[in-house]
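Below: protein_35.cif (mmCIF, C-alpha atoms)
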```cif
data_my_file
loop_
_atom_site.label_atom_id
_atom_site.label_comp_id
_atom_site.auth_asym_id
_atom_site.auth_seq_id
_atom_site.Cartn_x
_atom_site.Cartn_y
_atom_site.Cartn_z
CA MET A 1 8.08 57.07 175.22
CA PRO A 2 7.90 53.63 176.89
CA ALA A 3 10.78 52.71 179.19
CA ASN A 4 12.31 49.74 180.91
CA ILE A 5 15.14 49.04 183.30
CA GLU A 6 17.64 46.84 181.52
CA VAL A 7 20.54 44.67 182.62
CA LYS A 8 22.86 42.69 180.38
CA ALA A 9 25.27 39.98 181.55
CA ARG A 10 27.54 37.29 180.18
CA VAL A 11 26.24 33.76 180.77
CA ARG A 12 28.65 31.15 182.09
CA ASP A 13 26.21 28.19 182.16
CA PHE A 14 23.40 28.57 179.64
CA VAL A 15 21.67 25.30 180.59
CA ALA A 16 21.61 26.07 184.33
CA LEU A 17 20.40 29.66 183.81
CA SER A 18 17.70 28.44 181.39
CA ALA A 19 16.49 25.95 183.97
CA ARG A 20 16.36 28.60 186.71
CA ALA A 21 14.56 31.11 184.45
CA GLY A 22 12.09 28.36 183.50
CA GLU A 23 11.33 27.69 187.18
CA LEU A 24 10.61 31.38 187.81
CA SER A 25 8.78 32.10 184.54
CA ASP A 26 5.05 32.71 184.29
CA THR A 27 5.01 31.25 180.75
CA PRO A 28 6.79 28.50 178.81
CA VAL A 29 10.00 29.53 177.07
CA GLU A 30 9.60 31.00 173.58
CA VAL A 31 12.55 30.46 171.20
CA ILE A 32 12.87 33.28 168.66
CA PRO A 33 15.56 33.51 165.94
CA GLN A 34 16.36 37.20 165.37
CA VAL A 35 18.49 39.24 162.99
CA ASP A 36 19.06 42.85 164.10
CA THR A 37 20.33 45.32 161.51
CA PHE A 38 21.75 48.45 163.16
CA PHE A 39 21.81 51.75 161.31
CA VAL A 40 24.30 54.60 161.65
CA MET A 41 22.97 57.15 164.16
CA GLU A 42 24.38 60.27 165.81
CA LYS A 43 22.15 59.84 168.87
CA GLY A 44 20.61 56.68 170.31
CA ARG A 45 20.36 53.40 168.43
CA LEU A 46 18.10 52.32 165.58
CA LYS A 47 17.72 48.68 164.61
CA LEU A 48 15.43 46.63 162.43
CA ARG A 49 14.69 43.34 164.19
CA GLN A 50 13.64 40.68 161.69
CA LEU A 51 11.48 37.99 163.29
CA ALA A 52 10.19 36.29 160.12
CA PRO A 53 10.44 36.95 156.36
CA ASP A 54 7.30 39.12 156.55
CA ARG A 55 7.57 40.48 160.11
CA ALA A 56 9.96 42.90 161.78
CA GLN A 57 10.13 45.66 164.36
CA LEU A 58 11.92 48.96 163.90
CA ILE A 59 13.26 49.86 167.34
CA TYR A 60 14.76 53.18 168.38
CA TYR A 61 16.23 53.39 171.88
CA GLU A 62 18.37 55.56 174.11
CA ARG A 63 20.31 53.97 176.95
CA PRO A 64 23.59 54.76 178.73
CA ASN A 65 26.46 52.28 178.49
CA LEU A 66 26.77 51.36 182.19
CA ASP A 67 27.27 48.08 184.05
CA GLY A 68 24.19 46.92 185.93
CA PRO A 69 20.60 48.15 185.76
CA LYS A 70 19.98 51.21 183.58
CA ARG A 71 16.96 52.98 182.09
CA SER A 72 16.23 52.48 178.40
CA ASP A 73 13.67 54.65 176.57
CA TYR A 74 12.38 53.10 173.36
CA SER A 75 9.88 53.29 170.50
CA LEU A 76 8.65 50.41 168.33
CA PHE A 77 7.19 50.26 164.83
CA GLU A 78 5.89 46.99 163.34
CA THR A 79 6.28 46.23 159.63
CA ARG A 80 5.23 43.44 157.28
CA ASP A 81 7.81 44.54 154.68
CA PRO A 82 11.21 44.35 156.41
CA ASP A 83 13.25 44.13 153.21
CA SER A 84 11.91 47.39 151.78
CA LEU A 85 12.30 49.20 155.10
CA ARG A 86 15.88 47.91 155.54
CA GLU A 87 16.77 49.05 152.02
CA LEU A 88 15.29 52.53 152.58
CA LEU A 89 17.05 53.00 155.93
CA ALA A 90 20.34 51.66 154.55
CA ARG A 91 20.24 54.28 151.77
CA ALA A 92 19.23 57.08 154.13
CA LEU A 93 21.45 56.30 157.14
CA GLY A 94 23.92 53.54 156.30
CA ILE A 95 24.20 50.14 157.97
CA ARG A 96 26.39 49.93 161.06
CA GLY A 97 26.25 46.14 161.33
CA THR A 98 24.16 43.05 161.96
CA VAL A 99 23.64 40.88 165.06
CA GLU A 100 22.28 37.35 164.63
CA LYS A 101 20.98 35.48 167.65
CA VAL A 102 18.59 32.88 168.95
CA ARG A 103 16.62 34.34 171.85
CA HIS A 104 15.02 32.27 174.62
CA LEU A 105 12.29 34.46 176.12
CA TYR A 106 10.92 34.00 179.64
CA ILE A 107 8.33 36.27 181.29
CA ILE A 108 8.49 36.85 185.05
CA GLY A 109 5.82 39.34 186.10
CA GLN A 110 6.60 42.63 184.38
CA THR A 111 10.05 41.42 183.36
CA ARG A 112 11.27 39.87 180.13
CA ILE A 113 14.28 37.57 180.53
CA HIS A 114 16.20 37.01 177.30
CA LEU A 115 18.79 34.25 177.18
CA ASP A 116 20.61 34.88 173.92
CA ARG A 117 22.97 32.76 171.89
CA VAL A 118 24.69 35.41 169.78
CA MET A 119 26.59 34.38 166.65
CA ASN A 120 30.32 35.15 166.94
CA LEU A 121 29.96 36.35 170.56
CA GLY A 122 28.58 33.64 172.85
CA ASP A 123 25.83 33.41 175.47
CA PHE A 124 24.25 36.37 177.24
CA MET A 125 21.27 37.37 179.36
CA GLU A 126 19.18 40.52 179.06
CA LEU A 127 16.71 41.36 181.75
CA GLU A 128 14.11 44.05 180.90
CA VAL A 129 11.80 45.33 183.63
CA VAL A 130 9.01 47.01 181.64
CA LEU A 131 7.97 50.08 183.62
CA GLY A 132 4.23 50.58 184.06
CA PRO A 133 2.49 53.98 183.94
CA GLY A 134 3.66 56.04 186.89
CA GLN A 135 6.16 53.41 188.03
CA SER A 136 9.48 54.92 189.11
CA ASP A 137 12.90 53.90 187.87
CA GLU A 138 13.77 53.02 191.48
CA GLU A 139 10.96 50.44 191.60
CA GLY A 140 12.28 48.95 188.36
CA TYR A 141 15.82 48.85 189.75
CA ARG A 142 14.57 46.95 192.83
CA VAL A 143 12.78 44.38 190.63
CA ALA A 144 15.91 43.96 188.49
CA GLU A 145 18.22 43.52 191.49
CA ARG A 146 15.88 40.95 193.07
CA LEU A 147 15.71 38.93 189.83
CA LEU A 148 19.47 39.05 189.32
CA GLU A 149 19.83 37.55 192.79
CA GLU A 150 17.13 34.91 192.19
CA LEU A 151 18.74 33.94 188.88
CA GLY A 152 22.18 33.73 190.50
CA VAL A 153 23.80 36.27 188.15
CA ASP A 154 27.26 37.28 189.38
CA GLN A 155 27.93 41.04 189.52
CA GLN A 156 31.24 40.55 187.71
CA ASP A 157 29.33 39.23 184.67
CA LEU A 158 27.30 42.45 184.22
CA MET A 159 28.03 44.32 180.99
CA ASP A 160 27.93 47.89 179.78
CA ALA A 161 27.78 47.31 176.01
CA ALA A 162 25.28 46.23 173.38
CA TYR A 163 25.98 43.17 171.21
CA MET A 164 26.71 45.46 168.24
CA ASP A 165 29.35 47.27 170.32
CA LEU A 166 30.96 43.96 171.29
CA LEU A 167 31.09 42.79 167.67
CA GLU A 168 32.88 46.02 166.69
CA ARG A 169 35.56 45.71 169.39
CA PRO A 170 38.95 44.26 168.47
CA ARG A 171 39.34 40.73 169.80
#
```
Target encoding structure tokens, full file:
Amino acid sequence: MPANIEVKARVRDFVALSARAGELSDTPVEVIPQVDTFFVMEKGRLKLRQLAPDRAQLIYYERPNLDGPKRSDYSLFETRDPDSLRELLARALGIRGTVEKVRHLYIIGQTRIHLDRVMNLGDFMELEVVLGPGQSDEEGYRVAERLLEELGVDQQDLMDAAYMDLLERPR
């Protein structure tokens, strides 16, 4: 199963963090509207990420809810028929909820930086260090820590919860 080292943080200044990520990025920013439908699961998380009317990814992942860098193991399945797949999974598992966001994607080496504007939640950053074959978690942690410093992310802004978890919490 592929793995990455992931960090999630609240964003205080979206414009400034976007500018800094743009300076560090190997590629121009890609803006991607996304709707994630989460399904009821006993173990791990399963979501259908709709990227276009005829394009989506079914993503299963396991990750601890901890502040700071953490390992996430995941599997992806691409589909050209998201509506049928969503309907089937909704009948089989039940829908937990939906997260709507606009993602600004930056690539820095082996790391994907997501600056997300999440409906009904606010602005966030996800940093995913995609681990290569044979690469240790410790190497991924070092890359993540270095990028957090270069991006100027404050330790107190690190989060332990997924967007779906935050939407379910009482406000």
(Q) Please enumerate the residues selected by the PyMOL selection byres ((chain A and resi 121-133) around 9) when evaluated against the supplied file, formatted as an MDAnalysis selection string. (A) chainID A and resid 2:14 17 69 109:120 134:137 139:141 143:144 147:148 163 166:167
Q. Leaving out Glu42 in chain A and any residue of its chain fewer than 3 positions from it, which residues lie within 10 Å of it when counting only C-alpha atoms, given as a ChimeraX atom specification?
A. /A:39,45,93
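Listed by chain and then by number, the residues chosen by the PyMOL selection byres ((chain A and resi 100) around 8) in this file are Pro33, Gln34, Val35, Asp36, Thr98, Val99, Lys101, Val102, Val118 and Met119 of chain A.
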**Q.** Explicit residues for the PyMOL selection byres ((chain A and resi 50) around 12) (as a PyMOL selection string)
**A.** chain A and resi 32-38+47-49+51-59+77-83+85-86+98-102
Q) Can you tell me how far CA of Arg20 in chain A sits from CA of Glu150 in chain A, in Å to one decimal? A) 8.4 Å
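Put simply, CA of Gln156 in chain A is 12.9 Å away from CA of Leu66 in chain A.
In this structure, CA of Leu46 in chain A sits 10.0 Å away from CA of Ile95 in chain A.
When all atoms listed in the file are used to compute distances to Glu62 in chain A, the closest of the residues A:Met1, A:Ala21, A:Arg91, A:Gln155 turns out to be A:Met1.
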Q. What's the 9 Å shell around Ser18 in chain A, counting all atoms listed in the file, without same-chain residues fewer than 6 positions away, as JSON, numbers by chain?
A. {"A": [29, 104, 106, 115]}
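Nearest residue to Gly44 in chain A among A:Pro64, A:Gly22, A:Gly152, A:Gly97 is A:Pro64, counting all atoms listed in the file.
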